[in-house]
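**Q** Supplied structure: protein_24.txt, compact mmCIF, C-alpha atoms.
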```
# COMPACT_ATOMS: atom_id res chain seq x y z
CA MET A 1 226.92 -93.00 279.26
CA GLN A 2 230.33 -91.34 279.53
CA GLU A 3 228.97 -88.81 282.00
CA ALA A 4 227.56 -91.62 284.16
CA LEU A 5 230.95 -93.42 284.13
CA ARG A 6 232.69 -90.22 285.17
CA ARG A 7 230.21 -89.64 288.03
CA ALA A 8 230.66 -93.23 289.27
CA GLN A 9 234.45 -92.88 289.22
CA ASP A 10 234.24 -89.56 291.09
CA LEU A 11 232.18 -91.24 293.83
CA ASP A 12 234.45 -94.33 293.78
CA LEU A 13 231.42 -96.55 293.02
CA ASP A 14 230.40 -98.89 290.20
CA LEU A 15 228.13 -98.19 287.25
CA VAL A 16 225.69 -101.11 286.92
CA GLU A 17 223.55 -101.52 283.80
CA VAL A 18 220.01 -102.33 285.00
CA ALA A 19 218.09 -102.45 281.70
CA PRO A 20 220.45 -102.69 278.72
CA THR A 21 217.65 -103.09 276.15
CA ALA A 22 215.87 -99.86 277.16
CA ASN A 23 216.38 -96.73 275.06
CA PRO A 24 218.40 -95.05 276.57
CA PRO A 25 219.99 -97.85 278.66
CA VAL A 26 219.15 -97.64 282.38
CA CYS A 27 222.16 -97.64 284.73
CA ARG A 28 222.61 -97.31 288.46
CA ILE A 29 225.56 -95.98 290.43
CA MET A 30 226.18 -98.30 293.39
CA ASP A 31 228.77 -100.28 295.32
CA TYR A 32 228.28 -103.58 293.51
CA GLY A 33 230.39 -105.62 295.96
CA LYS A 34 228.25 -104.41 298.87
CA PHE A 35 225.08 -105.15 296.87
CA LYS A 36 226.19 -108.73 296.16
CA TYR A 37 227.16 -109.26 299.82
CA GLU A 38 223.79 -107.99 301.13
CA ARG A 39 221.92 -110.12 298.56
CA ASP A 40 223.82 -113.23 299.68
CA VAL A 41 223.10 -112.47 303.35
CA ARG A 42 219.36 -112.10 302.59
CA GLN A 43 219.33 -115.39 300.69
CA LYS A 44 221.15 -117.15 303.53
CA GLU A 45 218.61 -115.83 306.06
CA ALA A 46 215.74 -117.00 303.84
CA ARG A 47 217.26 -120.50 303.66
CA LYS A 48 217.73 -120.53 307.42
CA ARG A 49 214.06 -119.68 308.05
CA GLN A 50 212.86 -122.26 305.53
CA VAL A 51 211.40 -125.41 307.08
CA ARG A 52 212.79 -128.61 305.68
CA VAL A 53 210.47 -131.59 305.84
CA GLU A 54 212.51 -134.69 306.33
CA VAL A 55 211.40 -137.93 304.69
CA LYS A 56 212.54 -141.09 306.47
CA GLU A 57 212.23 -144.50 304.85
CA MET A 58 211.40 -147.85 306.42
CA LYS A 59 211.75 -151.04 304.36
CA MET A 60 209.92 -154.28 305.12
CA ARG A 61 209.27 -157.64 303.52
CA PRO A 62 205.76 -159.13 303.23
CA LYS A 63 206.70 -162.09 305.49
CA ILE A 64 207.95 -159.92 308.36
CA ASP A 65 208.14 -161.44 311.85
CA PRO A 66 205.71 -159.94 314.45
CA HIS A 67 208.59 -158.73 316.65
CA ASP A 68 210.35 -157.10 313.69
CA TYR A 69 207.06 -155.46 312.70
CA ARG A 70 206.65 -153.96 316.19
CA THR A 71 210.25 -152.71 316.17
CA LYS A 72 209.89 -151.04 312.77
CA LYS A 73 206.51 -149.63 313.77
CA GLY A 74 208.20 -148.10 316.85
CA HIS A 75 210.82 -146.46 314.64
CA ILE A 76 208.09 -145.08 312.37
CA GLU A 77 206.23 -143.69 315.41
CA ARG A 78 209.43 -141.97 316.61
CA PHE A 79 209.99 -140.41 313.16
CA LEU A 80 206.39 -139.16 313.02
CA LYS A 81 206.57 -137.67 316.53
CA ALA A 82 209.71 -135.80 315.44
CA GLY A 83 207.70 -134.28 312.57
CA ALA A 84 209.22 -136.24 309.68
CA ARG A 85 207.24 -137.85 306.90
CA VAL A 86 207.80 -141.60 306.54
CA LYS A 87 208.00 -143.60 303.32
CA VAL A 88 207.23 -147.28 303.92
CA THR A 89 208.46 -149.70 301.26
CA ILE A 90 207.42 -153.35 301.03
CA MET A 91 210.00 -155.26 298.97
CA PHE A 92 208.84 -158.32 297.03
CA ARG A 93 211.13 -161.10 295.77
CA GLY A 94 210.50 -163.86 293.27
CA ARG A 95 207.11 -165.54 293.74
CA GLU A 96 206.05 -162.97 296.32
CA MET A 97 205.15 -160.77 293.34
CA ALA A 98 202.19 -163.11 292.74
CA HIS A 99 200.87 -162.23 296.23
CA THR A 100 201.09 -158.44 296.43
CA GLU A 101 197.90 -158.51 298.52
CA LEU A 102 200.09 -159.64 301.48
CA GLY A 103 202.04 -156.38 301.23
CA ARG A 104 198.80 -154.41 300.89
CA ARG A 105 197.42 -156.09 304.04
CA LEU A 106 200.62 -155.25 305.91
CA LEU A 107 200.37 -151.58 304.91
CA ASP A 108 196.66 -151.49 305.84
CA ARG A 109 197.55 -152.93 309.27
CA LEU A 110 200.28 -150.30 309.68
CA THR A 111 197.82 -147.55 308.70
CA GLU A 112 195.37 -148.78 311.34
CA ASP A 113 198.12 -148.95 314.00
CA LEU A 114 199.33 -145.39 313.24
CA LYS A 115 195.97 -143.68 312.75
CA GLU A 116 196.46 -141.41 315.84
CA LEU A 117 199.93 -140.27 314.74
CA ALA A 118 199.75 -140.13 310.95
CA THR A 119 197.62 -139.65 307.90
CA VAL A 120 198.19 -141.41 304.62
CA ASP A 121 199.87 -138.96 302.26
CA THR A 122 200.26 -141.37 299.34
CA PHE A 123 198.22 -144.55 299.21
CA PRO A 124 199.95 -147.89 298.51
CA LYS A 125 201.23 -148.08 294.96
CA LEU A 126 203.12 -150.92 293.27
CA ASP A 127 206.36 -149.58 291.80
CA GLY A 128 208.22 -152.42 290.08
CA ARG A 129 209.05 -154.98 292.80
CA ASN A 130 208.24 -152.54 295.62
CA MET A 131 204.99 -151.32 297.11
CA VAL A 132 205.37 -147.76 298.43
CA MET A 133 203.23 -145.73 300.84
CA LEU A 134 203.87 -142.31 302.42
CA PHE A 135 202.75 -141.20 305.91
CA ALA A 136 202.60 -137.60 307.13
CA PRO A 137 202.45 -136.60 310.82
CA VAL A 138 199.05 -135.48 312.11
CA LYS A 139 200.16 -132.73 314.49
CA ARG A 140 203.07 -130.37 315.03
CA PRO A 141 206.39 -132.00 315.97
CA GLU A 142 207.03 -132.28 319.69
CA ARG A 143 210.00 -130.36 321.01
CA ALA A 144 212.87 -132.50 322.13
CA VAL A 145 213.23 -132.11 325.88
CA ARG A 146 216.50 -132.81 327.55
CA PRO A 147 216.24 -135.02 330.62
CA GLY A 148 216.37 -133.07 333.86
CA ARG A 149 215.23 -129.81 332.25
CA PRO A 150 211.70 -128.58 332.93
CA GLU A 151 209.41 -127.52 330.09
CA PRO A 152 209.08 -123.72 329.66
CA ASP A 153 205.42 -123.97 330.78
CA GLU A 154 206.52 -125.70 334.00
CA VAL A 155 209.04 -122.92 334.72
CA GLU A 156 206.38 -120.22 334.26
CA ALA A 157 203.97 -122.10 336.56
CA ALA A 158 206.66 -122.39 339.25
CA GLU A 159 207.44 -118.67 339.01
CA GLU A 160 203.76 -117.76 339.37
CA ALA A 161 203.36 -120.03 342.41
CA GLU A 162 206.37 -118.61 344.29
CA PRO A 163 207.13 -114.91 343.85
CA ALA A 164 210.81 -114.09 343.62
CA GLN A 165 212.38 -113.16 346.95
CA VAL A 166 214.26 -109.88 347.14
CA ALA A 167 217.64 -110.19 348.79
CA GLU A 168 218.17 -107.73 351.64
CA PRO A 169 221.42 -105.75 351.71
CA ALA A 170 224.10 -107.40 353.80
CA GLU A 171 225.17 -105.66 357.01
CA GLU A 172 228.56 -104.09 356.94
CA ALA A 173 231.10 -106.44 358.40
CA GLU A 174 234.03 -105.17 360.42
CA PRO A 175 237.28 -105.30 358.51
CA ALA A 176 239.35 -108.33 359.33
CA GLN A 177 242.50 -107.67 361.32
CA VAL A 178 245.67 -108.49 359.50
CA ALA A 179 248.39 -110.19 361.51
CA GLU A 180 251.93 -109.02 360.92
CA PRO A 181 254.22 -111.66 359.50
CA ALA A 182 256.70 -113.15 361.91
CA THR A 183 260.37 -113.02 361.00
CA VAL A 184 262.44 -116.15 361.03
CA GLY A 185 264.83 -116.47 363.89
CA GLU A 186 263.04 -114.05 366.15
CA GLY A 187 262.78 -115.31 369.73
CA GLU A 188 264.82 -118.40 369.05
CA GLY A 189 268.18 -118.92 370.66
CA GLU A 190 271.12 -119.37 368.38
CA GLY A 191 273.00 -122.33 369.20
```
Kindly transcribe the structure held in the file into structure tokens.
**A**
Amino acid sequence: MQEALRRAQDLDLDLVEVAPTANPPVCRIMDYGKFKYERDVRQKEARKRQVRVEVKEMKMRPKIDPHDYRTKKGHIERFLKAGARVKVTIMFRGREMAHTELGRRLLDRLTEDLKELATVDTFPKLDGRNMVMLFAPVKRPERAVRPGRPEPDEVEAAEEAEPAQVAEPAEEAEPAQVAEPATVGEGEGEG
């Protein structure tokens, strides 16, 4: 152990105990600060590459107005197209708890309306005074396209249709003649 410490100090590195319970203990000579930094960088890269699935929530009441239903359904469609999962909650109050079938019918109607965009991830379940259901998007999320910018496929198609033109070298132009500056008072009569 003392010899290992001396070697580490000679190399200006750290002695790190890898397996303290082994007989003899296993140690490694390394730059521990550099090791920690590289480990943190690797972990940060792994987090960056990790896909986070966003869960949006939409709350409704069983006696929702048709216009409000269409508006909330539009929001849910937008969330699903963006690739997020959507949790739909039907909130019951007071005597509405006696008629939970109204909430179930509402969720069944929503499932039927969204069948092209979503699949049911969690079927309707009564959780206290709320009925909860979870939708997952059917296909990959669509890329957000900025207005006025063509899709990458459209750019490739345009390039294939029209080959790039090669610019010809410009002819040498004659150097411009420089006029000499006029001096003030030249040619003018003094008073």
**Q** Tell me which of A:Glu3, A:Glu116, A:Phe123, A:Arg93 sits closest to Arg61 in chain A, counting only C-alpha atoms.
**A** A:Arg93
**Q** May I ask which of the residues A:Met30, A:Val132, A:Leu117, A:Val41 is the closest one to Glu77 in chain A, counting all atoms listed in the file?
**A**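 Ranking A:Met30, A:Val132, A:Leu117, A:Val41 by distance to Glu77 in chain A, first place goes to A:Leu117.
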**Q** Looking at A:Pro62, A:Pro20, A:Pro137, A:Pro25, which one is nearest to Val86 in chain A, with distances taken over all atoms listed in the file?
**A** A:Pro137
**Q** Which distance in Å separates CA of Met58 in chain A and CA of Asp108 in chain A, to one decimal?
**A**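 Between CA of Met58 in chain A and CA of Asp108 in chain A the gap is 15.2 Å.
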**Q** Neighbours of Arg52 in chain A within 12 Å (all atoms listed in the file; same-chain residues fewer than 2 positions away dropped), as a VMD selection string?
**A** chain A and resid 47 to 50 54 to 55 83 to 85
**Q** For the residues in the current selection, export C-alpha atoms as a compact mmCIF listing (two decimals), keeping the file's coordinate frame.
**A**
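Everything below was put into out.txt:
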```
# COMPACT_ATOMS: atom_id res chain seq x y z
CA ARG A 47 217.26 -120.50 303.66
CA LYS A 48 217.73 -120.53 307.42
CA ARG A 49 214.06 -119.68 308.05
CA GLN A 50 212.86 -122.26 305.53
CA GLU A 54 212.51 -134.69 306.33
CA VAL A 55 211.40 -137.93 304.69
CA GLY A 83 207.70 -134.28 312.57
CA ALA A 84 209.22 -136.24 309.68
CA ARG A 85 207.24 -137.85 306.90
```
**Q** Compile the contact shell of Met131 in chain A as a compact mmCIF listing (two decimals) with C-alpha atoms, keeping the file's coordinate frame: residues with an atom at most 10 Å away, counting all atoms listed in the file, same-chain residues fewer than 5 positions apart removed.
**A**
```txt
# COMPACT_ATOMS: atom_id res chain seq x y z
CA LYS A 59 211.75 -151.04 304.36
CA MET A 60 209.92 -154.28 305.12
CA ARG A 61 209.27 -157.64 303.52
CA PRO A 62 205.76 -159.13 303.23
CA VAL A 88 207.23 -147.28 303.92
CA THR A 89 208.46 -149.70 301.26
CA ILE A 90 207.42 -153.35 301.03
CA MET A 91 210.00 -155.26 298.97
CA PHE A 92 208.84 -158.32 297.03
CA THR A 100 201.09 -158.44 296.43
CA GLY A 103 202.04 -156.38 301.23
CA ARG A 104 198.80 -154.41 300.89
CA LEU A 107 200.37 -151.58 304.91
CA PHE A 123 198.22 -144.55 299.21
CA PRO A 124 199.95 -147.89 298.51
CA LYS A 125 201.23 -148.08 294.96
CA LEU A 126 203.12 -150.92 293.27
```
**Q** Please list, as number ranges by chain, the residues that have an atom at most 9 Å away from (226.7, -98.7, 291.3) in the coordinates of this file, counting only C-alpha atoms.
**A** A: 8, 13-17, 27-32, 35
**Q** Can you measure CA of Val18 in chain A to CA of Asp40 in chain A for me? One decimal in Å is fine.
**A**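 Atom-to-atom, CA of Val18 in chain A to CA of Asp40 in chain A, that is 18.7 Å.
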**Q** Distance CA of Val138 in chain A-CA of Glu112 in chain A, one decimal place?
**A** 13.8 Å
**Q** Find, counting only C-alpha atoms, the residue in A:Ala98, A:Ala118, A:Val51, A:Ala46 that gets nearest to Lys73 in chain A.
**A**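 For Lys73 in chain A, the nearest of the given residues is A:Ala118.
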**Q** Of the candidates A:Val26, A:Met97, A:Ala82, A:Leu102, which shows the shortest atom-to-atom distance to Lys63 in chain A, using all atoms listed in the file?
**A**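 With all atoms listed in the file as the atom set, the closest residue is A:Leu102.
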**Q** Give the answer as one residue: which of A:Asn130, A:Lys115, A:Glu45, A:Ala4 has the shortest atom-to-atom distance to Gly94 in chain A, using all atoms listed in the file?
**A**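 For Gly94 in chain A, the nearest of the candidates is A:Asn130.
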**Q** Start from the incomplete input, build N, CA and C atoms for range 83-112 of chain A, and deliver everything as an mmCIF file, keeping the file's coordinate frame.
**A**
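Here's the written file rebuild_23.cif:
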```cif
data_model
loop_
_atom_site.group_PDB
_atom_site.id
_atom_site.type_symbol
_atom_site.label_atom_id
_atom_site.label_comp_id
_atom_site.auth_asym_id
_atom_site.auth_seq_id
_atom_site.Cartn_x
_atom_site.Cartn_y
_atom_site.Cartn_z
ATOM 1 N N GLY A 83 208.191 -135.163 313.618
ATOM 2 C CA GLY A 83 207.700 -134.280 312.570
ATOM 3 C C GLY A 83 208.125 -134.669 311.170
ATOM 4 N N ALA A 84 208.769 -135.809 311.001
ATOM 5 C CA ALA A 84 209.220 -136.240 309.680
ATOM 6 C C ALA A 84 208.123 -137.039 308.980
ATOM 7 N N ARG A 85 208.132 -136.980 307.668
ATOM 8 C CA ARG A 85 207.240 -137.850 306.900
ATOM 9 C C ARG A 85 207.961 -139.182 306.751
ATOM 10 N N VAL A 86 207.189 -140.269 306.601
ATOM 11 C CA VAL A 86 207.800 -141.600 306.540
ATOM 12 C C VAL A 86 207.318 -142.320 305.281
ATOM 13 N N LYS A 87 208.293 -142.808 304.522
ATOM 14 C CA LYS A 87 208.000 -143.600 303.320
ATOM 15 C C LYS A 87 208.204 -145.063 303.698
ATOM 16 N N VAL A 88 207.153 -145.856 303.586
ATOM 17 C CA VAL A 88 207.230 -147.280 303.920
ATOM 18 C C VAL A 88 207.270 -148.059 302.616
ATOM 19 N N THR A 89 208.283 -148.910 302.473
ATOM 20 C CA THR A 89 208.460 -149.700 301.260
ATOM 21 C C THR A 89 208.378 -151.182 301.596
ATOM 22 N N ILE A 90 207.496 -151.888 300.906
ATOM 23 C CA ILE A 90 207.420 -153.350 301.030
ATOM 24 C C ILE A 90 208.137 -153.918 299.811
ATOM 25 N N MET A 91 209.195 -154.706 300.066
ATOM 26 C CA MET A 91 210.000 -155.260 298.970
ATOM 27 C C MET A 91 209.563 -156.699 298.702
ATOM 28 N N PHE A 92 209.248 -156.976 297.437
ATOM 29 C CA PHE A 92 208.840 -158.320 297.030
ATOM 30 C C PHE A 92 209.980 -158.994 296.277
ATOM 31 N N ARG A 93 210.119 -160.316 296.488
ATOM 32 C CA ARG A 93 211.130 -161.100 295.770
ATOM 33 C C ARG A 93 210.472 -162.302 295.120
ATOM 34 N N GLY A 94 210.923 -162.631 293.941
ATOM 35 C CA GLY A 94 210.500 -163.860 293.270
ATOM 36 C C GLY A 94 208.994 -164.058 293.226
ATOM 37 N N ARG A 95 208.532 -165.188 293.802
ATOM 38 C CA ARG A 95 207.110 -165.540 293.740
ATOM 39 C C ARG A 95 206.237 -164.660 294.622
ATOM 40 N N GLU A 96 206.843 -163.883 295.487
ATOM 41 C CA GLU A 96 206.050 -162.970 296.320
ATOM 42 C C GLU A 96 205.316 -161.952 295.449
ATOM 43 N N MET A 97 205.810 -161.701 294.240
ATOM 44 C CA MET A 97 205.150 -160.770 293.340
ATOM 45 C C MET A 97 203.745 -161.254 292.965
ATOM 46 N N ALA A 98 203.516 -162.560 293.050
ATOM 47 C CA ALA A 98 202.190 -163.110 292.740
ATOM 48 C C ALA A 98 201.216 -162.839 293.884
ATOM 49 N N HIS A 99 201.723 -162.459 295.056
ATOM 50 C CA HIS A 99 200.870 -162.230 296.230
ATOM 51 C C HIS A 99 201.100 -160.835 296.801
ATOM 52 N N THR A 100 200.907 -159.823 295.969
ATOM 53 C CA THR A 100 201.090 -158.440 296.430
ATOM 54 C C THR A 100 200.030 -158.046 297.458
ATOM 55 N N GLU A 101 198.941 -158.815 297.528
ATOM 56 C CA GLU A 101 197.900 -158.510 298.520
ATOM 57 C C GLU A 101 198.431 -158.663 299.946
ATOM 58 N N LEU A 102 199.479 -159.507 300.147
ATOM 59 C CA LEU A 102 200.090 -159.640 301.480
ATOM 60 C C LEU A 102 200.744 -158.311 301.888
ATOM 61 N N GLY A 103 201.423 -157.677 300.957
ATOM 62 C CA GLY A 103 202.040 -156.380 301.230
ATOM 63 C C GLY A 103 200.979 -155.316 301.475
ATOM 64 N N ARG A 104 199.889 -155.380 300.705
ATOM 65 C CA ARG A 104 198.800 -154.410 300.890
ATOM 66 C C ARG A 104 198.166 -154.577 302.268
ATOM 67 N N ARG A 105 197.984 -155.833 302.706
ATOM 68 C CA ARG A 105 197.420 -156.090 304.040
ATOM 69 C C ARG A 105 198.343 -155.555 305.138
ATOM 70 N N LEU A 106 199.642 -155.736 304.938
ATOM 71 C CA LEU A 106 200.620 -155.250 305.910
ATOM 72 C C LEU A 106 200.555 -153.723 306.016
ATOM 73 N N LEU A 107 200.460 -153.036 304.890
ATOM 74 C CA LEU A 107 200.370 -151.580 304.910
ATOM 75 C C LEU A 107 199.039 -151.106 305.504
ATOM 76 N N ASP A 108 197.954 -151.849 305.240
ATOM 77 C CA ASP A 108 196.660 -151.490 305.840
ATOM 78 C C ASP A 108 196.726 -151.640 307.365
ATOM 79 N N ARG A 109 197.389 -152.716 307.827
ATOM 80 C CA ARG A 109 197.550 -152.930 309.270
ATOM 81 C C ARG A 109 198.378 -151.797 309.897
ATOM 82 N N LEU A 110 199.435 -151.390 309.201
ATOM 83 C CA LEU A 110 200.280 -150.300 309.680
ATOM 84 C C LEU A 110 199.488 -148.992 309.731
ATOM 85 N N THR A 111 198.662 -148.757 308.728
ATOM 86 C CA THR A 111 197.820 -147.550 308.700
ATOM 87 C C THR A 111 196.884 -147.544 309.894
ATOM 88 N N GLU A 112 196.287 -148.680 310.204
ATOM 89 C CA GLU A 112 195.370 -148.780 311.340
ATOM 90 C C GLU A 112 196.113 -148.559 312.664
#
```
